[in-house]
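S.K.: This is work16.tsv (TSV, C-alpha atoms).
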```tsv
chain	number	residue	atom	x	y	z
A	1	MET	CA	-110.76	61.25	-40.92
A	2	GLY	CA	-107.93	62.53	-43.04
A	3	GLU	CA	-106.94	66.16	-43.17
A	4	VAL	CA	-109.32	67.96	-45.48
A	5	GLN	CA	-108.09	71.08	-47.14
A	6	GLU	CA	-109.98	74.13	-46.01
A	7	ALA	CA	-112.54	75.35	-48.52
A	8	ALA	CA	-111.54	78.53	-50.29
A	9	TRP	CA	-114.40	80.64	-48.85
A	10	VAL	CA	-113.70	79.81	-45.19
A	11	ALA	CA	-110.83	82.23	-44.53
A	12	GLY	CA	-112.74	85.23	-45.85
A	13	ALA	CA	-115.91	84.31	-44.01
A	14	TRP	CA	-113.99	83.88	-40.78
A	15	ASP	CA	-112.24	87.21	-41.26
A	16	ALA	CA	-115.65	88.81	-41.74
A	17	LEU	CA	-116.86	87.30	-38.46
A	18	VAL	CA	-113.77	88.46	-36.59
A	19	GLY	CA	-114.11	91.87	-38.20
A	20	ALA	CA	-117.65	92.09	-36.88
A	21	GLY	CA	-116.35	91.47	-33.36
A	22	VAL	CA	-117.62	87.92	-32.86
A	23	ARG	CA	-116.53	86.65	-29.43
A	24	GLN	CA	-118.77	83.62	-28.96
A	25	VAL	CA	-119.55	81.03	-31.60
A	26	ALA	CA	-122.25	78.47	-30.93
A	27	PHE	CA	-122.75	75.54	-33.26
A	28	VAL	CA	-124.13	72.16	-34.08
A	29	PRO	CA	-121.66	70.69	-36.57
A	30	ASP	CA	-122.17	70.15	-40.27
A	31	ALA	CA	-119.66	68.93	-42.82
A	32	GLY	CA	-120.02	72.29	-44.54
A	33	LEU	CA	-119.00	74.03	-41.32
A	34	ILE	CA	-115.79	72.07	-40.65
A	35	GLY	CA	-113.53	74.96	-41.62
A	36	LEU	CA	-115.40	77.65	-39.69
A	37	ILE	CA	-115.65	75.47	-36.58
A	38	ARG	CA	-111.92	74.75	-36.68
A	39	ARG	CA	-111.20	78.45	-36.99
A	40	ALA	CA	-113.54	79.26	-34.09
A	41	GLU	CA	-111.97	76.62	-31.87
A	42	ALA	CA	-108.48	77.84	-32.70
A	43	ALA	CA	-109.18	81.54	-32.16
A	44	PRO	CA	-107.77	82.73	-28.82
A	45	ASP	CA	-110.34	85.51	-28.37
A	46	VAL	CA	-113.38	83.44	-29.30
A	47	VAL	CA	-115.31	81.01	-27.13
A	48	ALA	CA	-116.57	78.10	-29.25
A	49	VAL	CA	-119.60	76.33	-27.80
A	50	PRO	CA	-120.88	73.05	-29.20
A	51	LEU	CA	-124.62	72.75	-28.59
A	52	THR	CA	-126.94	69.80	-28.19
A	53	THR	CA	-129.58	71.56	-30.30
A	54	GLU	CA	-129.47	74.75	-32.33
A	55	GLU	CA	-132.08	76.64	-30.31
A	56	GLU	CA	-129.67	76.70	-27.38
A	57	GLY	CA	-127.47	78.92	-29.51
A	58	VAL	CA	-130.18	81.55	-29.98
A	59	ALA	CA	-130.55	81.84	-26.21
A	60	LEU	CA	-126.81	81.61	-25.56
A	61	LEU	CA	-126.03	84.46	-27.92
A	62	ALA	CA	-128.80	86.58	-26.40
A	63	GLY	CA	-127.10	86.08	-23.05
A	64	ALA	CA	-123.74	86.93	-24.59
A	65	TRP	CA	-125.11	90.21	-25.93
A	66	LEU	CA	-126.66	90.97	-22.56
A	67	GLY	CA	-123.14	90.65	-21.19
A	68	GLY	CA	-121.55	92.75	-23.91
A	69	GLN	CA	-120.41	90.20	-26.50
A	70	PHE	CA	-121.52	89.62	-30.07
A	71	GLY	CA	-121.62	86.10	-31.44
A	72	ALA	CA	-122.59	83.87	-34.32
A	73	LEU	CA	-124.63	80.68	-34.57
A	74	PHE	CA	-123.55	78.02	-37.06
A	75	MET	CA	-125.94	75.27	-38.10
A	76	GLN	CA	-127.00	72.98	-40.90
A	77	SER	CA	-130.29	73.72	-42.64
A	78	SER	CA	-131.99	70.92	-40.70
A	79	GLY	CA	-131.26	72.84	-37.50
A	80	VAL	CA	-133.32	75.82	-38.58
A	81	GLY	CA	-136.53	74.06	-37.66
A	82	ASN	CA	-135.22	73.44	-34.16
A	83	CYS	CA	-134.87	77.19	-33.56
A	84	VAL	CA	-138.27	78.56	-34.40
A	85	ASN	CA	-139.76	79.39	-31.00
A	86	MET	CA	-136.42	80.48	-29.54
A	87	LEU	CA	-136.02	82.99	-32.35
A	88	SER	CA	-138.85	84.93	-30.70
A	89	LEU	CA	-136.27	85.88	-28.07
A	90	ALA	CA	-134.11	87.63	-30.65
A	91	ARG	CA	-137.14	89.27	-32.23
A	92	THR	CA	-138.98	90.44	-29.11
A	93	CYS	CA	-135.88	91.87	-27.46
A	94	ALA	CA	-134.19	92.95	-30.73
A	95	PHE	CA	-131.03	91.06	-29.86
A	96	PRO	CA	-128.47	91.14	-32.66
A	97	LEU	CA	-128.19	87.63	-34.06
A	98	LEU	CA	-126.11	86.30	-36.92
A	99	CYS	CA	-126.77	82.77	-38.18
A	100	VAL	CA	-124.55	81.00	-40.69
A	101	VAL	CA	-126.49	78.11	-42.18
A	102	THR	CA	-124.92	75.48	-44.41
A	103	MET	CA	-127.45	73.92	-46.72
A	104	ARG	CA	-128.39	70.30	-47.27
A	105	GLY	CA	-131.32	68.98	-49.25
A	106	GLN	CA	-131.04	71.68	-51.83
A	107	PHE	CA	-128.84	71.01	-54.89
A	108	GLY	CA	-127.80	67.49	-55.78
A	109	GLU	CA	-128.80	66.05	-52.39
A	110	ARG	CA	-128.81	62.22	-52.29
A	111	ASN	CA	-130.48	61.93	-48.89
A	112	PRO	CA	-134.18	62.66	-49.33
A	113	TRP	CA	-134.60	63.09	-45.56
A	114	GLN	CA	-132.61	66.31	-45.85
A	115	VAL	CA	-134.87	67.75	-48.51
A	116	PRO	CA	-137.80	69.03	-46.42
A	117	MET	CA	-135.70	71.46	-44.38
A	118	GLY	CA	-133.51	72.16	-47.39
A	119	ARG	CA	-136.59	73.41	-49.22
A	120	THR	CA	-138.07	75.34	-46.29
A	121	ALA	CA	-135.15	76.69	-44.24
A	122	ALA	CA	-135.06	80.12	-45.92
A	123	ASP	CA	-138.82	80.59	-45.69
A	124	VAL	CA	-138.91	79.37	-42.09
A	125	LEU	CA	-136.26	81.92	-41.17
A	126	ARG	CA	-138.12	84.69	-42.99
A	127	LEU	CA	-141.37	83.77	-41.26
A	128	ALA	CA	-139.53	83.91	-37.94
A	129	GLY	CA	-138.57	87.49	-38.79
A	130	LEU	CA	-134.98	87.08	-39.93
A	131	GLY	CA	-133.38	88.73	-42.89
A	132	VAL	CA	-132.05	86.00	-45.18
A	133	PHE	CA	-129.14	86.16	-47.61
A	134	GLU	CA	-128.68	83.08	-49.78
A	135	VAL	CA	-125.22	82.64	-51.28
A	136	ASP	CA	-124.48	80.30	-54.16
A	137	ASP	CA	-121.12	81.74	-55.14
A	138	ALA	CA	-118.08	80.92	-53.00
A	139	GLU	CA	-116.52	84.27	-53.82
A	140	ARG	CA	-119.45	86.10	-52.29
A	141	VAL	CA	-119.63	84.32	-48.93
A	142	ALA	CA	-117.28	86.67	-47.10
A	143	GLU	CA	-118.93	89.89	-48.24
A	144	THR	CA	-122.36	88.44	-47.46
A	145	VAL	CA	-121.35	87.46	-43.93
A	146	ALA	CA	-119.88	90.93	-43.41
A	147	ALA	CA	-123.04	92.62	-44.69
A	148	ALA	CA	-125.34	90.47	-42.55
A	149	ALA	CA	-123.23	91.09	-39.44
A	150	ALA	CA	-123.22	94.82	-40.05
A	151	MET	CA	-126.99	94.88	-40.49
A	152	THR	CA	-127.82	92.97	-37.34
A	153	LEU	CA	-125.32	95.01	-35.30
A	154	ALA	CA	-126.88	98.20	-36.65
A	155	GLY	CA	-130.22	97.15	-35.20
A	156	GLY	CA	-131.70	95.77	-38.40
A	157	GLY	CA	-132.87	92.57	-36.78
A	158	ALA	CA	-131.61	89.00	-36.80
A	159	MET	CA	-129.88	87.84	-39.98
A	160	ALA	CA	-129.10	84.50	-41.57
A	161	VAL	CA	-126.59	83.71	-44.28
A	162	LEU	CA	-127.46	80.50	-46.11
A	163	ILE	CA	-124.49	78.94	-47.88
A	164	GLY	CA	-125.80	76.79	-50.71
A	165	GLN	CA	-124.81	73.34	-51.86
A	166	ARG	CA	-123.47	74.84	-55.06
A	167	VAL	CA	-120.75	76.26	-52.80
A	168	LEU	CA	-120.44	73.32	-50.42
A	169	GLY	CA	-121.05	70.44	-52.81
A	170	ALA	CA	-123.50	67.64	-52.16
A	171	LYS	CA	-122.49	64.81	-49.84
A	172	ALA	CA	-121.34	61.79	-51.83
A	173	PHE	CA	-122.63	58.40	-50.73
A	174	ALA	CA	-120.56	56.55	-53.36
A	175	ALA	CA	-118.61	54.43	-50.87
A	176	ALA	CA	-121.72	52.98	-49.24
A	177	VAL	CA	-122.13	49.22	-49.36
A	178	GLN	CA	-125.53	48.12	-50.55
A	179	PRO	CA	-127.32	45.73	-48.17
B	1	MET	CA	-142.72	65.98	0.08
B	2	SER	CA	-142.38	69.43	-1.36
B	3	ALA	CA	-142.25	71.63	1.67
B	4	LEU	CA	-140.55	74.83	0.59
B	5	GLU	CA	-142.23	78.12	-0.12
B	6	ARG	CA	-140.84	79.59	-3.31
B	7	ARG	CA	-141.21	83.31	-2.60
B	8	PRO	CA	-139.16	83.47	0.63
B	9	LEU	CA	-136.58	81.21	-0.96
B	10	VAL	CA	-136.12	83.51	-3.96
B	11	ALA	CA	-136.24	86.64	-1.80
B	12	GLY	CA	-133.54	85.13	0.40
B	13	LEU	CA	-131.35	84.30	-2.58
B	14	LEU	CA	-131.56	87.81	-4.03
B	15	ALA	CA	-131.69	89.91	-0.85
B	16	GLY	CA	-128.68	92.15	-0.51
B	17	ASP	CA	-126.92	90.62	-3.51
B	18	ASP	CA	-126.79	93.61	-5.83
B	19	ASP	CA	-123.95	92.23	-7.93
B	20	VAL	CA	-125.36	88.94	-9.13
B	21	LEU	CA	-126.57	88.80	-12.74
B	22	VAL	CA	-129.86	86.93	-12.95
B	23	VAL	CA	-131.79	85.25	-15.75
B	24	THR	CA	-135.20	83.87	-14.82
B	25	GLY	CA	-137.14	81.23	-16.74
B	26	LEU	CA	-140.63	82.00	-17.95
B	27	GLY	CA	-143.59	81.75	-15.63
B	28	ALA	CA	-143.44	81.59	-11.87
B	29	PRO	CA	-139.66	82.09	-11.47
B	30	SER	CA	-140.00	85.42	-13.30
B	31	TRP	CA	-142.89	86.40	-11.00
B	32	ASP	CA	-140.95	85.23	-7.93
B	33	ALA	CA	-137.97	87.40	-8.86
B	34	ALA	CA	-140.25	90.38	-9.50
B	35	ALA	CA	-141.91	89.85	-6.12
B	36	ALA	CA	-138.47	90.01	-4.53
B	37	GLY	CA	-137.99	93.45	-6.11
B	38	ASP	CA	-137.55	94.56	-9.70
B	39	ARG	CA	-133.87	95.07	-10.51
B	40	ASP	CA	-132.02	96.09	-13.65
B	41	LEU	CA	-129.60	93.17	-13.49
B	42	THR	CA	-132.37	90.60	-13.61
B	43	PHE	CA	-133.49	89.53	-17.07
B	44	PRO	CA	-136.91	87.90	-16.74
B	45	LEU	CA	-137.92	85.70	-19.64
B	46	TRP	CA	-141.57	85.86	-20.67
B	47	GLY	CA	-141.14	83.19	-23.33
B	48	ALA	CA	-138.24	81.36	-24.99
B	49	MET	CA	-139.08	78.27	-22.97
B	50	GLY	CA	-136.05	76.04	-22.53
B	51	GLY	CA	-133.60	78.89	-23.06
B	52	ALA	CA	-132.85	80.14	-19.56
B	53	VAL	CA	-129.78	77.98	-18.86
B	54	ALA	CA	-128.27	78.59	-22.30
B	55	MET	CA	-128.85	82.31	-21.91
B	56	GLY	CA	-127.16	82.21	-18.51
B	57	LEU	CA	-124.21	80.40	-20.06
B	58	GLY	CA	-123.76	83.03	-22.76
B	59	LEU	CA	-123.95	85.75	-20.14
B	60	ALA	CA	-121.52	83.95	-17.83
B	61	GLN	CA	-119.02	83.61	-20.67
B	62	ALA	CA	-119.33	87.29	-21.57
B	63	GLN	CA	-118.96	88.38	-17.92
B	64	PRO	CA	-116.53	85.89	-16.40
B	65	GLN	CA	-115.80	88.15	-13.43
B	66	ARG	CA	-119.45	88.32	-12.39
B	67	ARG	CA	-121.64	85.69	-10.77
B	68	VAL	CA	-124.57	84.59	-12.93
B	69	LEU	CA	-127.68	82.97	-11.46
B	70	VAL	CA	-130.27	81.17	-13.57
B	71	LEU	CA	-133.50	80.86	-11.65
B	72	THR	CA	-135.96	78.65	-13.44
B	73	GLY	CA	-138.67	76.03	-13.12
B	74	ASP	CA	-138.75	72.31	-13.74
B	75	GLY	CA	-140.90	72.53	-16.87
B	76	GLU	CA	-138.72	75.22	-18.42
B	77	LEU	CA	-135.55	73.30	-17.63
B	78	LEU	CA	-136.91	70.02	-18.98
B	79	MET	CA	-137.54	71.69	-22.34
B	80	GLY	CA	-133.89	72.77	-22.52
B	81	ILE	CA	-132.38	69.83	-20.66
B	82	GLY	CA	-129.64	69.45	-23.27
B	83	SER	CA	-128.28	72.82	-22.21
B	84	LEU	CA	-127.12	71.18	-18.96
B	85	SER	CA	-124.82	69.07	-21.09
B	86	THR	CA	-123.58	72.20	-22.87
B	87	VAL	CA	-122.83	73.83	-19.51
B	88	GLY	CA	-121.08	70.63	-18.45
B	89	TRP	CA	-118.88	70.88	-21.52
B	90	ARG	CA	-118.03	74.53	-20.92
B	91	GLN	CA	-117.68	74.44	-17.08
B	92	PRO	CA	-118.37	78.12	-16.37
B	93	ALA	CA	-117.14	78.60	-12.80
B	94	ASN	CA	-119.29	81.72	-12.32
B	95	LEU	CA	-122.66	80.09	-13.09
B	96	ALA	CA	-125.31	78.75	-10.73
B	97	VAL	CA	-128.64	77.21	-11.72
B	98	VAL	CA	-131.46	77.03	-9.19
B	99	VAL	CA	-134.55	75.10	-10.18
B	100	LEU	CA	-137.76	75.90	-8.35
B	101	ASP	CA	-139.22	72.44	-8.80
B	102	ASN	CA	-142.94	72.23	-8.03
B	103	GLU	CA	-143.30	69.18	-10.27
B	104	ARG	CA	-145.99	71.05	-12.19
B	105	TYR	CA	-146.60	73.21	-15.24
B	106	GLY	CA	-147.90	75.96	-13.00
B	107	GLU	CA	-148.96	78.43	-15.68
B	108	THR	CA	-151.11	76.02	-17.66
B	109	GLY	CA	-153.27	74.25	-15.12
B	110	GLY	CA	-150.86	72.44	-12.85
B	111	GLN	CA	-150.23	69.40	-15.04
B	112	ARG	CA	-147.48	67.18	-13.66
B	113	THR	CA	-143.98	67.41	-15.15
B	114	HIS	CA	-141.55	64.52	-15.43
B	115	THR	CA	-140.03	65.47	-12.08
B	116	ALA	CA	-143.30	64.30	-10.51
B	117	GLY	CA	-142.24	60.92	-11.86
B	118	ARG	CA	-138.73	59.58	-11.71
B	119	THR	CA	-136.67	62.34	-13.28
B	120	ASP	CA	-134.10	63.65	-10.80
B	121	LEU	CA	-132.77	66.91	-12.22
B	122	ALA	CA	-129.85	67.14	-9.79
B	123	ALA	CA	-128.75	63.68	-10.91
B	124	VAL	CA	-129.04	64.78	-14.53
B	125	ALA	CA	-126.91	67.85	-13.83
B	126	ALA	CA	-124.32	65.74	-12.02
B	127	ALA	CA	-124.19	63.33	-14.95
B	128	CYS	CA	-123.69	66.31	-17.27
B	129	GLY	CA	-120.60	67.34	-15.30
B	130	PHE	CA	-121.77	70.00	-12.83
B	131	PRO	CA	-119.25	69.66	-9.98
B	132	THR	CA	-121.80	70.79	-7.39
B	133	THR	CA	-125.36	69.47	-7.36
B	134	PHE	CA	-127.81	69.17	-4.52
B	135	THR	CA	-131.52	69.08	-3.75
B	136	VAL	CA	-133.17	71.04	-0.95
B	137	ARG	CA	-136.48	69.79	0.39
B	138	ASP	CA	-137.03	71.36	3.80
B	139	PRO	CA	-136.73	74.90	5.14
B	140	THR	CA	-133.63	74.15	7.19
B	141	GLY	CA	-131.80	73.66	3.90
B	142	THR	CA	-132.62	77.13	2.62
B	143	ALA	CA	-130.85	79.04	5.38
B	144	GLY	CA	-127.61	80.24	3.83
B	145	LEU	CA	-128.52	78.77	0.46
B	146	GLY	CA	-126.80	81.61	-1.42
B	147	GLU	CA	-123.67	81.17	0.64
B	148	ARG	CA	-123.70	77.44	0.05
B	149	LEU	CA	-124.17	77.95	-3.69
B	150	TRP	CA	-121.49	80.53	-4.28
B	151	SER	CA	-118.89	78.99	-2.00
B	152	SER	CA	-119.05	75.64	-3.83
B	153	PRO	CA	-117.22	74.81	-7.08
B	154	GLY	CA	-119.07	75.99	-10.16
B	155	PRO	CA	-120.99	75.48	-12.24
B	156	ARG	CA	-123.39	74.52	-9.51
B	157	PHE	CA	-126.94	73.24	-9.67
B	158	CYS	CA	-129.59	73.26	-6.96
B	159	VAL	CA	-133.05	71.77	-7.08
B	160	ALA	CA	-135.39	73.36	-4.57
B	161	LYS	CA	-138.49	71.24	-4.16
B	162	VAL	CA	-141.24	73.83	-3.66
B	163	ARG	CA	-144.93	73.59	-2.92
B	164	PRO	CA	-147.17	73.72	-5.99
B	165	ASP	CA	-149.05	76.72	-4.60
B	166	ASP	CA	-150.24	79.64	-6.71
B	167	GLU	CA	-148.70	82.85	-5.49
B	168	PRO	CA	-150.02	86.36	-6.19
B	169	LEU	CA	-148.99	87.45	-9.67
B	170	VAL	CA	-146.19	90.00	-9.54
B	171	MET	CA	-144.97	90.87	-13.01
B	172	PRO	CA	-141.70	92.44	-14.14
B	173	PRO	CA	-141.61	94.80	-17.13
B	174	ARG	CA	-142.46	92.90	-20.29
B	175	ASP	CA	-140.89	95.05	-23.01
B	176	GLY	CA	-137.92	92.96	-24.11
B	177	VAL	CA	-135.97	95.88	-25.51
B	178	VAL	CA	-136.35	97.81	-22.25
B	179	LEU	CA	-135.26	94.76	-20.24
B	180	ARG	CA	-132.26	94.25	-22.50
B	181	GLU	CA	-131.11	97.84	-22.50
B	182	ARG	CA	-131.51	98.49	-18.79
B	183	PHE	CA	-129.50	95.34	-18.07
B	184	ARG	CA	-126.71	96.41	-20.41
B	185	ARG	CA	-126.70	99.96	-19.07
B	186	ALA	CA	-126.43	98.65	-15.52
B	187	LEU	CA	-123.34	96.73	-16.66
B	188	GLY	CA	-121.90	99.90	-18.14
B	189	LEU	CA	-122.36	98.74	-21.72
B	190	SER	CA	-123.34	101.24	-24.39
B	191	ARG	CA	-125.72	100.95	-27.33
```
Starting from the file, give its structure as structure tokens.
M.R.:
Amino acid sequence: MGEVQEAAWVAGAWDALVGAGVRQVAFVPDAGLIGLIRRAEAAPDVVAVPLTTEEEGVALLAGAWLGGQFGALFMQSSGVGNCVNMLSLARTCAFPLLCVVTMRGQFGERNPWQVPMGRTAADVLRLAGLGVFEVDDAERVAETVAAAAAMTLAGGGAMAVLIGQRVLGAKAFAAAVQP
Amino acid sequence: MSALERRPLVAGLLAGDDDVLVVTGLGAPSWDAAAAGDRDLTFPLWGAMGGAVAMGLGLAQAQPQRRVLVLTGDGELLMGIGSLSTVGWRQPANLAVVVLDNERYGETGGQRTHTAGRTDLAAVAAACGFPTTFTVRDPTGTAGLGERLWSSPGPRFCVAKVRPDDEPLVMPPRDGVVLRERFRRALGLSR
């Protein structure tokens, strides 16, 4: 892996998270999350927790709030489906919860296996009771993260910011060797 | 075989320990903790199956000066078994996990869990990097269990093999917002 230059939206989005008082960041990696994960791991006042499955993060951040810390959960769109029952914890107890979801299977996707959750992630989150902001403009990611964080901290319920493939770009499979 | 009684074991773990922060997994562990006495610093899960250990980890990280006890069952833990690996990665020294292992899904008709077969949860926890793991099978092992847990290097993991008996239902409050807020207030947190 060579050094990849950080995407332009990452710094602003991270500043928005820090501004909201995020102290724990739980994540399952995605290529679209590389920059945010690096920032979380480098931040001295933030505990970055890699998960084995995204639903762990919903529970982990509920525990963090119980102990006085706000956090954020980063995942790829395919991870949304893994969270559904655990999201009842955030809803029933009105825990603040901020999810940052990077989209696959949505715009220009070359892997059809990513498409089902790409098409349903936003609706699944809405059905689970979350407020959903979809962002397709890199310049609006930071303000959207800040708004979602403010809403969930104000008691408005769990929030998800979905960062679209128009912002992230679709994964290229050009270098693959055909069998 | 499974010789321990779960209620005295839980009562013994919690008796006189007003400082410990407790998360209980859904079902019998939540009833066991309630039977030992409702307390503000116990958060009993009524759902969110598989989330107890992860919730305990988040709490332990937010309150590193406090001891955090996750009290859960074998079925609940099996659903979130990956969270043992996450704890192993993070190594929270202030966390203990106690599994009341009756080898059954007690709330749904007593169907056998994988621990009735060959799954050894203490071995799983050890393989995930818990520095302290042990299994208690007979009553002599429960004397001083709390002392043994908290004096050993954390995160620590104890399987208590308990009898698959139905105990009288003792329920904690079930309003999640009330449970959340009374816990936070007891920690001196506002909002």
S.K.: One decimal, in Å: what's the spacing between atom CA of Leu187 of chain B and atom CA of Asp19 of chain B?
M.R.: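 Atom CA of Asp19 of chain B lies at a distance of 9.8 Å from atom CA of Leu187 of chain B.
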S.K.: Counting all atoms listed in the file, collect the residues of chain A whose closest atom lies at most 12 Å from chain B, and write them out as number ranges by chain.
M.R.: A: 22-28, 45-72, 82-96, 153-155
S.K.: Given the choices B:Ala127, B:Leu71, B:Ala93, B:Gly146, which gets closest to Gly12 of chain B if the distance is worked out from only C-alpha atoms?
M.R.: B:Gly146
S.K.: Counting only C-alpha atoms, what is within 12 Å of Ala28 of chain B, bar same-chain residues fewer than 3 positions away, as a JSON list (two decimals) with C-alpha atoms, keeping the file's coordinate frame?
M.R.:
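Okay, this is what ended up in out.json:
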```
[["chain", "number", "residue", "atom", "x", "y", "z"],
["B", 6, "ARG", "CA", -140.84, 79.59, -3.31],
["B", 7, "ARG", "CA", -141.21, 83.31, -2.60],
["B", 10, "VAL", "CA", -136.12, 83.51, -3.96],
["B", 24, "THR", "CA", -135.20, 83.87, -14.82],
["B", 25, "GLY", "CA", -137.14, 81.23, -16.74],
["B", 31, "TRP", "CA", -142.89, 86.40, -11.00],
["B", 32, "ASP", "CA", -140.95, 85.23, -7.93],
["B", 33, "ALA", "CA", -137.97, 87.40, -8.86],
["B", 34, "ALA", "CA", -140.25, 90.38, -9.50],
["B", 35, "ALA", "CA", -141.91, 89.85, -6.12],
["B", 44, "PRO", "CA", -136.91, 87.90, -16.74],
["B", 45, "LEU", "CA", -137.92, 85.70, -19.64],
["B", 46, "TRP", "CA", -141.57, 85.86, -20.67],
["B", 47, "GLY", "CA", -141.14, 83.19, -23.33],
["B", 71, "LEU", "CA", -133.50, 80.86, -11.65],
["B", 72, "THR", "CA", -135.96, 78.65, -13.44],
["B", 73, "GLY", "CA", -138.67, 76.03, -13.12],
["B", 74, "ASP", "CA", -138.75, 72.31, -13.74],
["B", 75, "GLY", "CA", -140.90, 72.53, -16.87],
["B", 76, "GLU", "CA", -138.72, 75.22, -18.42],
["B", 99, "VAL", "CA", -134.55, 75.10, -10.18],
["B", 100, "LEU", "CA", -137.76, 75.90, -8.35],
["B", 101, "ASP", "CA", -139.22, 72.44, -8.80],
["B", 102, "ASN", "CA", -142.94, 72.23, -8.03],
["B", 104, "ARG", "CA", -145.99, 71.05, -12.19],
["B", 105, "TYR", "CA", -146.60, 73.21, -15.24],
["B", 106, "GLY", "CA", -147.90, 75.96, -13.00],
["B", 107, "GLU", "CA", -148.96, 78.43, -15.68],
["B", 108, "THR", "CA", -151.11, 76.02, -17.66],
["B", 110, "GLY", "CA", -150.86, 72.44, -12.85],
["B", 162, "VAL", "CA", -141.24, 73.83, -3.66],
["B", 164, "PRO", "CA", -147.17, 73.72, -5.99],
["B", 165, "ASP", "CA", -149.05, 76.72, -4.60],
["B", 166, "ASP", "CA", -150.24, 79.64, -6.71],
["B", 167, "GLU", "CA", -148.70, 82.85, -5.49],
["B", 168, "PRO", "CA", -150.02, 86.36, -6.19],
["B", 169, "LEU", "CA", -148.99, 87.45, -9.67],
["B", 170, "VAL", "CA", -146.19, 90.00, -9.54],
["B", 171, "MET", "CA", -144.97, 90.87, -13.01],
["B", 172, "PRO", "CA", -141.70, 92.44, -14.14]]
```
S.K.: Pick out the closest residue to Gly12 of chain A from this set: A:Ala175, A:Leu125, A:Ala150, A:Leu36. Count only C-alpha atoms.
M.R.: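 Nearest to Gly12 of chain A: A:Leu36.
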S.K.: Applying 6 Å and all atoms listed in the file, which residues near Pro139 of chain B remain after dropping the ones on its own chain fewer than 2 positions away? List them as a list in words.
M.R.: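 So, after excluding close chain neighbours, the residues are Leu4, Gly141 and Thr142 of chain B.
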S.K.: At most 12 Å is the cut-off: for each residue in segment 76-116 of chain A with any atom that close to an atom of segment 160-163 of chain A, write down the nearest atom pair and the distance in Å rounded to one decimal, counting only C-alpha atoms, chain first then increasing number, as CSV.
M.R.:
```
residue,atom,partner,partner_atom,distance
A:Gln76,CA,A:Leu162,CA,9.2
A:Ser77,CA,A:Leu162,CA,8.1
A:Ser78,CA,A:Leu162,CA,11.9
A:Val80,CA,A:Ala160,CA,10.1
A:Leu87,CA,A:Ala160,CA,11.6
A:Pro96,CA,A:Ala160,CA,11.1
A:Leu97,CA,A:Ala160,CA,8.2
A:Leu98,CA,A:Ala160,CA,5.8
A:Cys99,CA,A:Ala160,CA,4.5
A:Val100,CA,A:Val161,CA,4.9
A:Val101,CA,A:Leu162,CA,4.7
A:Thr102,CA,A:Ile163,CA,4.9
A:Met103,CA,A:Ile163,CA,5.9
A:Arg104,CA,A:Ile163,CA,9.5
A:Gln106,CA,A:Ile163,CA,10.5
A:Phe107,CA,A:Ile163,CA,11.4
```
S.K.: For atom CA of Ala160 of chain B and atom CA of Ala11 of chain B, determine how far apart the two atoms are, in Å to one decimal place.
M.R.: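 Pair atom CA of Ala160 of chain B / atom CA of Ala11 of chain B returns 13.6 Å.
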S.K.: Can you work out which one of A:Val167, A:Met159, A:Ala122, A:Val115 has the shortest atom-to-atom distance to Val10 of chain A, counting all atoms listed in the file?
M.R.: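 Closest to Val10 of chain A of all the choices is A:Val167.
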S.K.: At a cut-off of 9 Å around the point (-125.5, 87.4, -8.6) (file coordinates), what residues fall inside when counting only C-alpha atoms? I'd like the answer as a list in words.
M.R.: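 Output of the proximity query reads Leu13, Leu14, Asp17, Asp18, Asp19, Val20, Leu21, Val22, Leu41, Arg66, Arg67, Val68, Leu69 and Ala96 of chain B.
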S.K.: Could you state the separation of atom CA of Val98 of chain B and atom CA of Leu73 of chain A in Å, given to one decimal place?
M.R.: 26.5 Å
S.K.: Have segment 81-89 of chain A completed to N, CA and C atoms, please, and pass it along as a PDB file, keeping the file's coordinate frame.
M.R.:
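Just written: result36.pdb:
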```pdb
ATOM      1  N   GLY A  81    -135.230  74.398 -38.237  1.00  0.00           N
ATOM      2  CA  GLY A  81    -136.530  74.060 -37.660  1.00  0.00           C
ATOM      3  C   GLY A  81    -136.498  73.940 -36.153  1.00  0.00           C
ATOM      4  N   ASN A  82    -135.333  73.577 -35.617  1.00  0.00           N
ATOM      5  CA  ASN A  82    -135.220  73.440 -34.160  1.00  0.00           C
ATOM      6  C   ASN A  82    -135.259  74.796 -33.446  1.00  0.00           C
ATOM      7  N   CYS A  83    -135.071  75.864 -34.178  1.00  0.00           N
ATOM      8  CA  CYS A  83    -134.870  77.190 -33.560  1.00  0.00           C
ATOM      9  C   CYS A  83    -136.116  78.044 -33.464  1.00  0.00           C
ATOM     10  N   VAL A  84    -137.200  77.608 -34.078  1.00  0.00           N
ATOM     11  CA  VAL A  84    -138.270  78.560 -34.400  1.00  0.00           C
ATOM     12  C   VAL A  84    -138.790  79.335 -33.193  1.00  0.00           C
ATOM     13  N   ASN A  85    -139.207  78.643 -32.137  1.00  0.00           N
ATOM     14  CA  ASN A  85    -139.760  79.390 -31.000  1.00  0.00           C
ATOM     15  C   ASN A  85    -138.689  80.250 -30.329  1.00  0.00           C
ATOM     16  N   MET A  86    -137.466  79.716 -30.228  1.00  0.00           N
ATOM     17  CA  MET A  86    -136.420  80.480 -29.540  1.00  0.00           C
ATOM     18  C   MET A  86    -136.076  81.761 -30.287  1.00  0.00           C
ATOM     19  N   LEU A  87    -136.297  81.778 -31.584  1.00  0.00           N
ATOM     20  CA  LEU A  87    -136.020  82.990 -32.350  1.00  0.00           C
ATOM     21  C   LEU A  87    -136.911  84.152 -31.914  1.00  0.00           C
ATOM     22  N   SER A  88    -138.001  83.847 -31.225  1.00  0.00           N
ATOM     23  CA  SER A  88    -138.850  84.930 -30.700  1.00  0.00           C
ATOM     24  C   SER A  88    -138.095  85.748 -29.661  1.00  0.00           C
ATOM     25  N   LEU A  89    -137.102  85.147 -29.030  1.00  0.00           N
ATOM     26  CA  LEU A  89    -136.270  85.880 -28.070  1.00  0.00           C
ATOM     27  C   LEU A  89    -135.489  86.986 -28.777  1.00  0.00           C
TER      28      LEU A  89
END
```
